[in-house]
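Participant: Contents of model-v4.txt (compact mmCIF, C-alpha atoms and all ligand atoms) are given next:
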```txt
# COMPACT_ATOMS: atom_id res chain seq x y z
CA MET A 1 136.64 72.99 7.77
CA ASN A 2 133.95 73.54 5.28
CA ASP A 3 133.46 69.92 4.33
CA ASP A 4 130.36 69.48 6.41
CA GLY A 5 128.01 69.83 3.48
CA PRO A 6 124.29 69.33 3.87
CA ILE A 7 124.52 65.91 5.47
CA PRO A 8 125.42 66.95 9.02
CA GLU A 9 122.81 69.68 8.98
CA GLU A 10 120.17 67.21 7.99
CA LEU A 11 121.32 64.71 10.61
CA ILE A 12 121.46 67.42 13.23
CA ALA A 13 117.95 68.59 12.39
CA ARG A 14 116.62 65.06 12.55
CA SER A 15 118.45 64.40 15.81
CA LEU A 16 116.93 67.54 17.28
CA ALA A 17 113.53 66.30 16.18
CA GLY A 18 114.07 63.17 18.24
CA ASP A 19 115.31 60.83 15.51
CA GLU A 20 117.94 58.77 17.33
CA ASP A 21 118.79 56.86 14.19
CA ALA A 22 119.98 60.19 12.82
CA PHE A 23 122.12 60.72 15.90
CA ALA A 24 123.48 57.22 15.49
CA ALA A 25 124.40 58.13 11.93
CA LEU A 26 126.04 61.30 13.18
CA TYR A 27 128.08 59.16 15.55
CA GLY A 28 128.98 56.85 12.72
CA ALA A 29 130.20 59.74 10.61
CA TYR A 30 132.14 61.64 13.25
CA ALA A 31 133.21 59.21 15.94
CA PRO A 32 136.32 58.09 14.01
CA GLY A 33 137.56 61.67 13.74
CA VAL A 34 136.84 62.34 17.40
CA TYR A 35 138.63 59.17 18.44
CA ARG A 36 141.64 59.90 16.28
CA LEU A 37 141.89 63.40 17.68
CA ALA A 38 141.47 62.22 21.27
CA TYR A 39 143.97 59.41 20.86
CA GLY A 40 146.42 61.72 19.10
CA ILE A 41 146.30 64.05 22.08
CA LEU A 42 146.12 61.57 24.93
CA LEU A 43 148.04 58.62 23.44
CA HIS A 44 145.98 56.30 25.58
CA VAL A 45 143.30 54.00 24.22
CA GLN A 46 140.98 53.82 27.20
CA ASP A 47 141.12 57.55 27.85
CA ALA A 48 140.41 58.27 24.19
CA GLU A 49 137.43 55.94 24.26
CA GLU A 50 136.06 57.66 27.34
CA VAL A 51 136.47 61.00 25.65
CA VAL A 52 134.53 59.74 22.61
CA GLN A 53 131.67 58.67 24.85
CA ASP A 54 131.67 61.89 26.85
CA VAL A 55 131.80 64.00 23.71
CA PHE A 56 128.83 62.34 22.05
CA VAL A 57 126.70 62.36 25.18
CA TYR A 58 127.46 66.05 25.54
CA VAL A 59 126.78 66.67 21.85
CA TYR A 60 123.43 64.94 22.06
CA ARG A 61 122.37 67.04 25.00
CA SER A 62 123.73 70.24 23.52
CA LEU A 63 122.88 69.89 19.85
CA ALA A 64 120.41 72.76 20.03
CA ARG A 65 123.26 75.06 21.04
CA PHE A 66 125.16 74.36 17.85
CA ASP A 67 124.81 77.31 15.51
CA PRO A 68 126.05 76.62 11.99
CA ARG A 69 126.35 80.35 11.37
CA ARG A 70 129.13 80.49 13.96
CA GLY A 71 131.21 77.68 12.52
CA ALA A 72 131.31 74.22 11.05
CA PHE A 73 129.97 71.27 12.98
CA ARG A 74 133.38 69.64 12.92
CA THR A 75 134.94 72.72 14.52
CA TRP A 76 132.38 72.59 17.32
CA LEU A 77 132.88 68.86 17.75
CA TYR A 78 136.66 69.12 17.89
CA THR A 79 136.49 72.05 20.30
CA ILE A 80 134.47 69.86 22.65
CA THR A 81 136.90 66.99 22.11
CA VAL A 82 139.97 69.07 22.94
CA SER A 83 138.21 70.40 26.03
CA ARG A 84 137.37 66.89 27.19
CA CYS A 85 140.93 65.76 26.59
CA ARG A 86 142.18 68.64 28.74
CA ASN A 87 139.78 67.63 31.50
CA LYS A 88 141.00 64.09 31.25
CA ARG A 89 144.59 65.22 31.62
CA ARG A 90 143.76 67.30 34.65
CA ARG A 91 142.34 64.30 36.42
CA LYS A 92 145.44 62.23 36.10
CA TRP A 93 148.96 62.24 34.91
CA LEU A 94 149.46 61.66 31.26
CA PRO A 95 150.25 57.98 31.27
CA THR A 96 153.42 56.65 29.92
CA VAL A 97 152.79 55.42 26.44
CA VAL A 98 152.13 51.73 26.50
CA LEU A 99 153.51 50.52 23.25
CA SER A 100 151.41 47.39 23.30
CA HIS A 101 148.38 49.64 22.80
CA LEU A 102 149.72 50.52 19.45
CA MET A 103 149.93 46.99 18.21
CA GLY A 104 147.24 45.96 15.79
CA GLN A 105 145.97 49.47 15.10
CA GLY A 106 146.13 49.47 11.37
CA PHE A 107 149.89 49.26 11.23
CA GLU A 108 149.96 46.37 8.88
CA PRO A 109 151.78 47.19 5.67
CA SER A 110 149.41 48.42 3.03
CA GLY A 111 151.14 46.88 0.05
CA PRO A 112 150.27 43.50 -1.39
CA HIS A 113 153.63 42.07 -0.39
CA ARG A 114 154.26 40.44 2.95
CA GLU A 115 156.93 41.89 5.15
CA THR A 116 159.58 39.74 6.66
CA PRO A 117 159.37 39.54 10.45
CA GLU A 118 162.53 41.61 10.66
CA ALA A 119 161.06 44.35 8.48
CA ALA A 120 157.83 44.33 10.49
CA VAL A 121 159.79 44.75 13.70
CA ALA A 122 161.83 47.53 12.15
CA ARG A 123 158.71 49.30 10.97
CA GLN A 124 157.17 48.97 14.40
CA ASN A 125 160.29 50.44 15.93
CA VAL A 126 160.01 53.46 13.69
CA ARG A 127 156.43 54.00 14.80
CA ASP A 128 157.31 53.47 18.42
CA ALA A 129 159.97 56.14 18.07
CA LEU A 130 157.39 58.57 16.73
CA THR A 131 154.99 57.71 19.53
CA ASP A 132 157.68 58.25 22.13
CA ALA A 133 158.56 61.57 20.55
CA LEU A 134 154.90 62.64 20.54
CA GLY A 135 154.59 61.58 24.16
CA GLY A 136 157.43 63.92 25.02
CA LEU A 137 155.63 66.96 23.65
CA SER A 138 153.72 69.28 25.94
CA PRO A 139 149.95 68.76 25.74
CA ARG A 140 149.41 72.03 23.87
CA LEU A 141 151.96 71.10 21.22
CA ARG A 142 150.48 67.63 20.86
CA GLU A 143 147.05 69.14 20.33
CA ALA A 144 148.47 71.22 17.52
CA VAL A 145 150.12 68.21 15.88
CA ALA A 146 146.96 66.13 16.22
CA LEU A 147 144.83 68.81 14.59
CA ARG A 148 147.30 69.51 11.80
CA TYR A 149 148.52 66.03 10.93
CA GLY A 150 145.62 63.96 12.21
CA GLN A 151 142.79 66.13 10.96
CA GLY A 152 144.42 68.24 8.27
CA LEU A 153 143.25 71.53 9.75
CA THR A 154 144.65 74.87 8.66
CA TYR A 155 146.19 77.20 11.22
CA ARG A 156 143.03 79.30 11.19
CA GLU A 157 140.87 76.25 11.83
CA MET A 158 143.24 75.10 14.55
CA GLY A 159 142.89 78.50 16.15
CA GLU A 160 139.11 78.16 16.11
CA VAL A 161 139.27 74.79 17.84
CA LEU A 162 141.98 75.73 20.32
CA GLY A 163 140.64 79.19 21.04
CA CYS A 164 143.80 80.96 19.99
CA PRO A 165 144.94 83.19 17.11
CA PRO A 166 146.24 81.45 13.98
CA LYS A 167 149.68 82.83 14.76
CA THR A 168 149.67 80.93 18.04
CA ALA A 169 148.71 77.77 16.19
CA GLU A 170 151.60 78.42 13.83
CA SER A 171 154.07 78.87 16.65
CA ARG A 172 152.86 75.70 18.38
CA ILE A 173 153.44 73.74 15.19
CA ARG A 174 156.89 75.28 14.85
CA LEU A 175 157.77 74.42 18.44
CA ALA A 176 156.36 70.92 18.00
CA HIS A 177 158.48 70.43 14.90
CA GLU A 178 161.58 71.53 16.74
CA ALA A 179 160.90 69.21 19.67
CA LEU A 180 160.02 66.26 17.45
CA ARG A 181 163.06 66.75 15.29
CA ARG A 182 165.28 66.74 18.34
CA ALA A 183 163.60 63.66 19.76
CA LEU A 184 163.56 61.73 16.52
CA SER A 185 167.09 62.53 15.54
CA ALA A 186 168.35 60.44 18.42
CA GLU A 187 166.70 57.21 17.43
CA GLY A 188 165.55 55.23 14.50
CA GLU A 189 167.48 57.21 11.96
CA LEU A 190 168.85 54.28 10.08
CA LEU A 191 165.51 52.53 10.13
CA LEU A 192 163.87 55.66 8.86
CA GLU A 193 166.21 55.97 5.95
CA GLU A 194 165.81 52.31 5.13
CA LEU A 195 162.02 52.14 5.38
CA TRP A 196 160.84 55.56 4.34
CA GLY A 197 163.59 56.65 2.04
CA PHE A 198 164.63 59.69 4.05
CA MET B 1 174.13 62.31 10.95
CA GLY B 2 170.80 62.12 9.17
CA ILE B 3 168.56 64.81 7.90
CA LEU B 4 166.42 64.97 11.01
CA ASN B 5 169.50 65.77 13.04
CA PHE B 6 169.50 69.26 11.64
CA ASN B 7 168.64 71.54 14.52
CA PHE B 8 168.62 75.27 14.52
CA ASN B 9 168.35 78.03 17.03
CA PHE B 10 165.28 80.00 16.12
CA ASN B 11 166.19 83.18 18.00
CA PHE B 12 169.73 83.18 16.74
CA ASP B 13 168.59 82.49 13.19
CA PHE B 14 165.98 85.21 13.36
CA LYS B 15 168.56 87.79 14.34
CA ARG B 16 170.73 86.79 11.43
CA GLY B 17 167.86 87.18 8.97
CA HIS B 18 167.31 83.48 8.48
CA VAL B 19 163.82 82.19 7.88
CA THR B 20 163.98 78.96 9.85
CA GLY B 21 161.09 80.06 12.04
CA LYS B 22 158.83 80.33 9.01
CA LEU B 23 159.64 77.05 7.33
CA ALA B 24 156.88 74.95 8.87
CA ALA B 25 154.28 77.51 7.85
CA TYR B 26 155.95 77.71 4.45
CA LEU B 27 155.64 73.96 3.99
CA HIS B 28 152.02 74.06 5.12
CA GLY B 29 151.15 76.78 2.64
CA GLU B 30 150.23 79.11 5.50
CA LEU B 31 152.34 82.15 4.69
CA THR B 32 151.00 85.31 3.16
CA PRO B 33 152.19 85.97 -0.40
CA ALA B 34 154.65 88.57 0.88
CA GLU B 35 156.05 86.24 3.55
CA ARG B 36 156.27 83.45 1.08
CA ALA B 37 158.15 85.58 -1.43
CA ARG B 38 160.58 86.63 1.29
CA VAL B 39 161.19 83.06 2.37
CA MET B 40 161.71 81.87 -1.19
CA ALA B 41 164.10 84.70 -1.95
CA HIS B 42 166.09 83.93 1.18
CA LEU B 43 166.19 80.21 0.45
CA LYS B 44 167.78 80.87 -2.90
CA THR B 45 170.76 82.44 -1.23
CA CYS B 46 171.07 80.65 2.10
CA GLU B 47 172.40 77.17 2.38
CA THR B 48 171.66 77.03 6.11
CA CYS B 49 167.98 77.63 5.56
CA ARG B 50 167.81 75.18 2.67
CA ALA B 51 169.21 72.52 4.95
CA ALA B 52 166.69 73.51 7.58
CA LEU B 53 163.91 73.27 5.02
CA ALA B 54 165.04 69.79 4.04
CA ALA B 55 164.84 68.77 7.69
CA GLU B 56 161.39 70.30 8.01
CA GLU B 57 160.22 68.48 4.90
CA ALA B 58 161.52 65.17 6.19
CA LEU B 59 159.72 65.61 9.48
CA ALA B 60 156.47 66.80 7.87
CA ALA B 61 156.55 63.87 5.46
CA ARG B 62 157.02 61.46 8.31
CA LEU B 63 154.18 62.97 10.29
CA ARG B 64 151.89 62.92 7.27
CA ALA B 65 152.70 59.28 6.65
CA GLN B 66 152.65 58.01 10.21
CA PHE B 67 150.56 60.18 12.48
CA SER B 68 147.16 59.36 11.09
CA PRO B 69 147.65 55.56 10.98
CA LEU B 70 148.90 55.77 14.54
CA THR B 71 145.56 57.07 15.73
CA HIS B 72 143.11 54.96 13.72
CA PRO B 73 140.54 53.07 15.76
CA ARG B 74 140.60 49.32 15.58
CA PRO B 75 137.82 47.57 13.68
CA GLY B 76 134.75 47.37 15.90
CA GLN B 77 136.26 49.59 18.56
CA LEU B 78 133.87 52.51 18.11
CA ALA B 79 130.81 50.31 17.64
CA ARG B 80 131.61 48.81 21.01
CA LEU B 81 131.37 52.25 22.59
CA TRP B 82 127.90 53.03 21.27
CA PRO B 83 125.79 51.05 23.76
CA GLY B 84 127.33 53.02 26.62
CA ILE B 85 126.55 56.28 24.86
CA ALA B 86 123.01 55.17 24.06
CA ALA B 87 122.42 54.20 27.68
CA ARG B 88 123.62 57.55 28.96
CA ILE B 89 121.53 59.40 26.40
CA ALA B 90 118.48 57.38 27.34
CA ASN B 91 118.87 58.16 31.02
CA THR B 92 119.02 61.88 30.71
CA ARG B 93 117.65 63.74 27.79
CA PRO B 94 117.34 65.50 25.12
CA PRO B 95 118.16 68.36 22.98
CA ARG B 96 115.69 70.96 22.01
CA ARG B 97 112.73 70.83 24.30
CA MET B 98 114.78 70.77 27.47
CA ARG B 99 116.71 73.79 26.31
CA PHE B 100 113.60 75.78 25.59
CA ALA B 101 112.03 74.66 28.82
CA HIS B 102 115.07 75.88 30.71
CA ARG B 103 114.90 79.15 28.88
CA SER B 104 111.25 79.45 29.76
CA VAL B 105 111.80 78.68 33.42
CA PHE B 106 114.77 80.96 33.74
CA GLY B 107 113.03 83.65 31.75
CA MET B 108 110.02 83.58 34.01
CA ALA B 109 112.19 83.60 37.10
CA LEU B 110 114.20 86.53 35.81
CA THR B 111 111.08 88.47 34.92
CA ALA B 112 109.61 87.76 38.31
CA SER B 113 112.78 88.94 40.04
CA LEU B 114 112.83 92.16 38.08
CA LEU B 115 109.18 92.79 38.80
CA CYS B 116 109.86 92.23 42.48
CA VAL B 117 112.65 94.78 42.51
CA MET B 118 110.66 97.33 40.56
CA LEU B 119 107.39 96.94 42.39
CA LEU B 120 108.71 96.51 45.89
CA PRO B 121 108.67 100.23 46.76
CA LEU B 122 105.09 100.47 45.58
CA LEU B 123 103.98 97.43 47.46
CA LEU B 124 105.39 98.16 50.85
CA GLY B 125 104.02 95.56 53.10
CA GLY B 126 101.77 94.33 50.37
CA ARG B 127 101.69 91.09 48.53
CA VAL B 128 104.02 90.85 45.56
CA PRO B 129 102.27 89.38 42.51
CA VAL B 130 105.03 87.11 41.33
CA SER B 131 104.27 84.37 38.86
CA ARG B 132 106.13 81.25 39.84
CA ALA B 133 107.94 78.95 37.55
CA ASP B 134 105.99 75.81 37.13
CA GLY B 135 108.05 72.72 37.76
CA SER B 136 105.88 70.76 35.39
CA ALA B 137 107.55 72.44 32.43
CA THR B 138 110.92 71.10 33.50
CA GLN B 139 109.43 67.72 34.13
CA ALA B 140 107.97 67.64 30.63
CA ALA B 141 111.34 68.53 29.15
CA PHE B 142 112.81 65.32 30.45
CA THR B 143 110.26 63.12 28.83
CA GLY B 144 111.77 62.90 25.42
CA PRO B 145 111.92 60.02 23.00
CA THR B 146 113.93 56.96 23.85
CA LEU B 147 116.56 55.37 21.71
CA PRO B 148 115.03 52.91 19.32
CA PRO B 149 116.42 49.40 19.19
CA GLY B 150 117.42 49.99 15.58
CA ALA B 151 119.94 52.66 16.54
CA ALA B 152 122.39 50.11 17.87
CA THR B 153 122.13 48.18 14.63
CA ALA B 154 122.94 51.27 12.65
CA ILE B 155 126.01 51.84 14.79
CA ALA B 156 127.20 48.30 14.26
CA GLN B 157 128.08 49.28 10.72
CA LEU B 158 130.09 52.38 11.38
CA PRO B 159 131.52 53.66 8.14
CA GLY B 160 134.60 55.08 9.77
CA ASP B 161 135.19 52.35 12.29
CA THR B 162 137.80 50.75 10.17
CA ALA B 163 141.37 51.38 9.30
CA THR B 164 140.21 53.84 6.66
CA ALA B 165 139.23 57.37 7.54
CA PRO B 166 135.73 58.45 6.45
CA SER B 167 135.32 60.95 3.70
CA THR B 168 134.19 63.57 6.17
CA HIS B 169 137.66 63.53 7.61
CA ALA B 170 139.54 63.27 4.42
CA GLY B 171 141.23 66.61 4.85
CA GLN B 172 144.57 65.06 5.46
CA ASP B 173 147.79 66.82 5.02
CA SER B 174 148.39 65.48 1.58
CA PRO B 175 151.83 66.08 0.25
CA GLY B 176 150.74 67.57 -3.01
CA ALA B 177 148.30 69.93 -1.38
CA THR B 178 150.56 71.79 0.93
CA VAL B 179 154.18 70.91 0.49
CA THR B 180 156.08 73.58 -1.25
CA PRO B 181 159.05 72.56 -3.29
CA VAL B 182 162.44 73.82 -2.34
CA PRO B 183 163.31 76.77 -4.55
CA THR B 184 166.18 76.17 -6.84
CA PRO B 185 169.25 77.80 -5.34
CA GLU B 186 170.98 80.42 -7.37
CA THR B 187 173.96 79.18 -9.23
CA LYS B 188 177.10 80.21 -7.55
CA GLY B 189 179.41 82.11 -9.78
ZN ZN C 201 169.07 81.57 6.10
```
For this file, produce the structure as structure tokens.
Facilitator:
Amino acid sequence: MNDDGPIPEELIARSLAGDEDAFAALYGAYAPGVYRLAYGILLHVQDAEEVVQDVFVYVYRSLARFDPRRGAFRTWLYTITVSRCRNKRRRKWLPTVVLSHLMGQGFEPSGPHRETPEAAVARQNVRDALTDALGGLSPRLREAVALRYGQGLTYREMGEVLGCPPKTAESRIRLAHEALRRALSAEGELLLEELWGF
Amino acid sequence: MGILNFNFNFNFDFKRGHVTGKLAAYLHGELTPAERARVMAHLKTCETCRAALAAEEALAARLRAQFSPLTHPRPGQLARLWPGIAARIANTRPPRRMRFAHRSVFGMALTASLLCVMLLPLLLGGRVPVSRADGSATQAAFTGPTLPPGAATAIAQLPGDTATAPSTHAGQDSPGATVTPVPTPETKG
């Protein structure tokens, strides 16, 4: 996680000096990542949105505590995000995934061609199967998947965010893979082969 | 039965010298050179583990392709959240000065407490000269700048609030970056 570069530091310094436009820019740069991480863990739109708000309010009030010598800004931000997601889970049961939430979230085919309605439905079914499988993971395993596949973090970086050794991050990914493979093998196999060439 | 149907028993495989428990880390480029060499050597001779690796690759490819799009915010979704954040930030405040003020208040209180403890025996019955934390410092810490009207405008054009991830989060699990090819199995004589 060393992609922070000078921009966050400058924005952080300006935010600390009372420049709210700088904090707004910080939000603009990092809110998408925070949302994607929160949604990847919680699989619930409203909860993820609340986490985004809580995280940035907390970050604004705590910016002075961030020490770049101890780690990248993104690591700090994601640590806060994971913590907020855990708090959110404690307050209520992880909701059953509402598949309608997933509609219209950038799932449109990226190619220039238009899909037939049947292909669109098939593609949606494949994604729904993945979402169901992710929803069946334990929260700790889902955190690992969200950090690895949603944010592209290494095991060491995952360990920094999750507060565990890299080996633990590795084992969580391994366990997540096993669970996902089991869950996904039961459904959508033909669709998968047809649409993704597996 | 498709490729994802390949399941293996990690503990059983480990006892038999298989490397199934290391395949995810192998695919992610997370093994040490020695571990990696061991896995590759084993894969050349073990059909079971090659099949397991194929299953791991299929799953990793699917997650790389589908996980991130699954979690993208909708256009305008994050901009809609900003006013709530701005309001909460405006009500309580702010970063640096409050922190230092707290430090100052707590520091003074701590010093006063220590002085009390140390001087008490010498001041039996006397008046303890404790400096008190001035509440005005805390009050001043909460009078920070307010959010300018322009901040909301800046948020309205969030660079990442689209279906495309911002460059600051571009560290995706790209296939070419981390996926390790399956070693060519040794030719069976
Ligand atoms: Zn083997």
Participant: Show me, as a list in words, the residues that have an atom within 9 Å of range 33-38 of chain B when counting all atoms listed in the file, minus same-chain residues fewer than 6 positions from it.
Facilitator: Val19, Lys22 and Tyr26 of chain B
Participant: Output C-alpha atoms of each residue in that selection to a file, as a short mmCIF file (atom, residue, chain, number, x, y, z; two decimals), in the frame of the given file.
Facilitator:
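The resulting file, result36.cif, is shown below:
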```
data_model
loop_
_atom_site.label_atom_id
_atom_site.label_comp_id
_atom_site.auth_asym_id
_atom_site.auth_seq_id
_atom_site.Cartn_x
_atom_site.Cartn_y
_atom_site.Cartn_z
CA VAL B 19 163.82 82.19 7.88
CA LYS B 22 158.83 80.33 9.01
CA TYR B 26 155.95 77.71 4.45
#
```
Participant: Which residues form the shell of 10 Å around ligand ZN 201 (chain C) when you count only C-alpha atoms and all ligand atoms, given as a PyMOL selection string?
Facilitator: chain B and resi 13-14+16-20+39+41-53
Participant: I need the residue nearest chain B from this list: A:Ala13, A:Ala144, A:Leu162, A:Val57. Use all atoms listed in the file for the distance.
Facilitator: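 Residue with the minimum atom-to-atom distance to chain B: A:Val57.
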Participant: Of the residues A:Thr131, A:Ser138, A:Thr79, A:Asn125, which is the one nearest to chain B, using all atoms listed in the file?
Facilitator: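 The shortest atom-to-atom distance to chain B comes from A:Thr131.
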Participant: B:Leu59, B:Pro69, B:Ala54, B:Met40: which is nearest His177 in chain A, counting only C-alpha atoms?
Facilitator: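 So, comparing all the options, the nearest one is B:Leu59.
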Participant: Quick one: everything within 12 Å of range 163-166 of chain A, counting only C-alpha atoms, minus sequence neighbours fewer than 2 positions away in the same chain. Send it as a count of residues only.
Facilitator: 28
Participant: How far is it from CA of Tyr27 in chain A to CA of Phe56 in chain A, in Å with one decimal?
Facilitator: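 Separating CA of Tyr27 in chain A from CA of Phe56 in chain A is a distance of 7.3 Å.
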Participant: Separation of CA of Ile12 in chain A and CA of Val145 in chain A, in Å?
Facilitator: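 CA of Val145 in chain A lies 28.8 Å from CA of Ile12 in chain A.
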Participant: Quick one, how far is CA of Arg90 in chain A from CA of Ala146 in chain A?
Facilitator: 18.7 Å
Participant: Once you count all atoms listed in the file, which residues end up no further than 9 Å from (162.0, 68.3, 16.7) in the file's frame, shown as a list in words?
Facilitator: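 Result, sorted by chain then residue number: Ala133, Arg174, Leu175, Ala176, His177, Glu178, Ala179, Leu180, Arg181, Arg182, Ala183, Leu184 and Ser185 of chain A; Leu4, Asn5, Asn7, Glu56 and Leu59 of chain B.
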Participant: With C-alpha atoms kept, could you save the residues just selected as a compact mmCIF listing (two decimals), keeping the file's coordinate frame?
Facilitator:
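The resulting file, selection.txt, is shown below:
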```txt
# COMPACT_ATOMS: atom_id res chain seq x y z
CA ALA A 133 158.56 61.57 20.55
CA ARG A 174 156.89 75.28 14.85
CA LEU A 175 157.77 74.42 18.44
CA ALA A 176 156.36 70.92 18.00
CA HIS A 177 158.48 70.43 14.90
CA GLU A 178 161.58 71.53 16.74
CA ALA A 179 160.90 69.21 19.67
CA LEU A 180 160.02 66.26 17.45
CA ARG A 181 163.06 66.75 15.29
CA ARG A 182 165.28 66.74 18.34
CA ALA A 183 163.60 63.66 19.76
CA LEU A 184 163.56 61.73 16.52
CA SER A 185 167.09 62.53 15.54
CA LEU B 4 166.42 64.97 11.01
CA ASN B 5 169.50 65.77 13.04
CA ASN B 7 168.64 71.54 14.52
CA GLU B 56 161.39 70.30 8.01
CA LEU B 59 159.72 65.61 9.48
```
Participant: With only C-alpha atoms as the atoms that count, which of B:Thr71, B:Arg80, B:Gly29, B:Glu57 lies nearest to chain A?
Facilitator: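 Counting only C-alpha atoms, the residue closest to chain A is B:Thr71.
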Participant: Provide an axis-aligned box for all listed atoms of range 48-62 of chain A, padding each side by 4 Å; report its centre and its edge lengths in Å to one decimal, as AutoDock Vina command-line options.
Facilitator:
```
--center_x 131.4 --center_y 63.1 --center_z 24.6 --size_x 26.0 --size_y 22.3 --size_z 13.5
```
Participant: Fewer than 4 positions away in the same chain doesn't count, so skip those; otherwise give me all residues within 12 Å of Lys88 in chain A, counting only C-alpha atoms, as an MDAnalysis selection string.
Facilitator: chainID A and resid 38:39 41:44 46:52 54:55 81:84 92:95 139
Participant: Using all atoms listed in the file, pick whichever of A:Arg148, A:Arg123, A:Arg142, A:Arg70 has the shortest atom-to-atom distance to chain B.
Facilitator: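 Ranking A:Arg148, A:Arg123, A:Arg142, A:Arg70 by distance to chain B, first place goes to A:Arg148.
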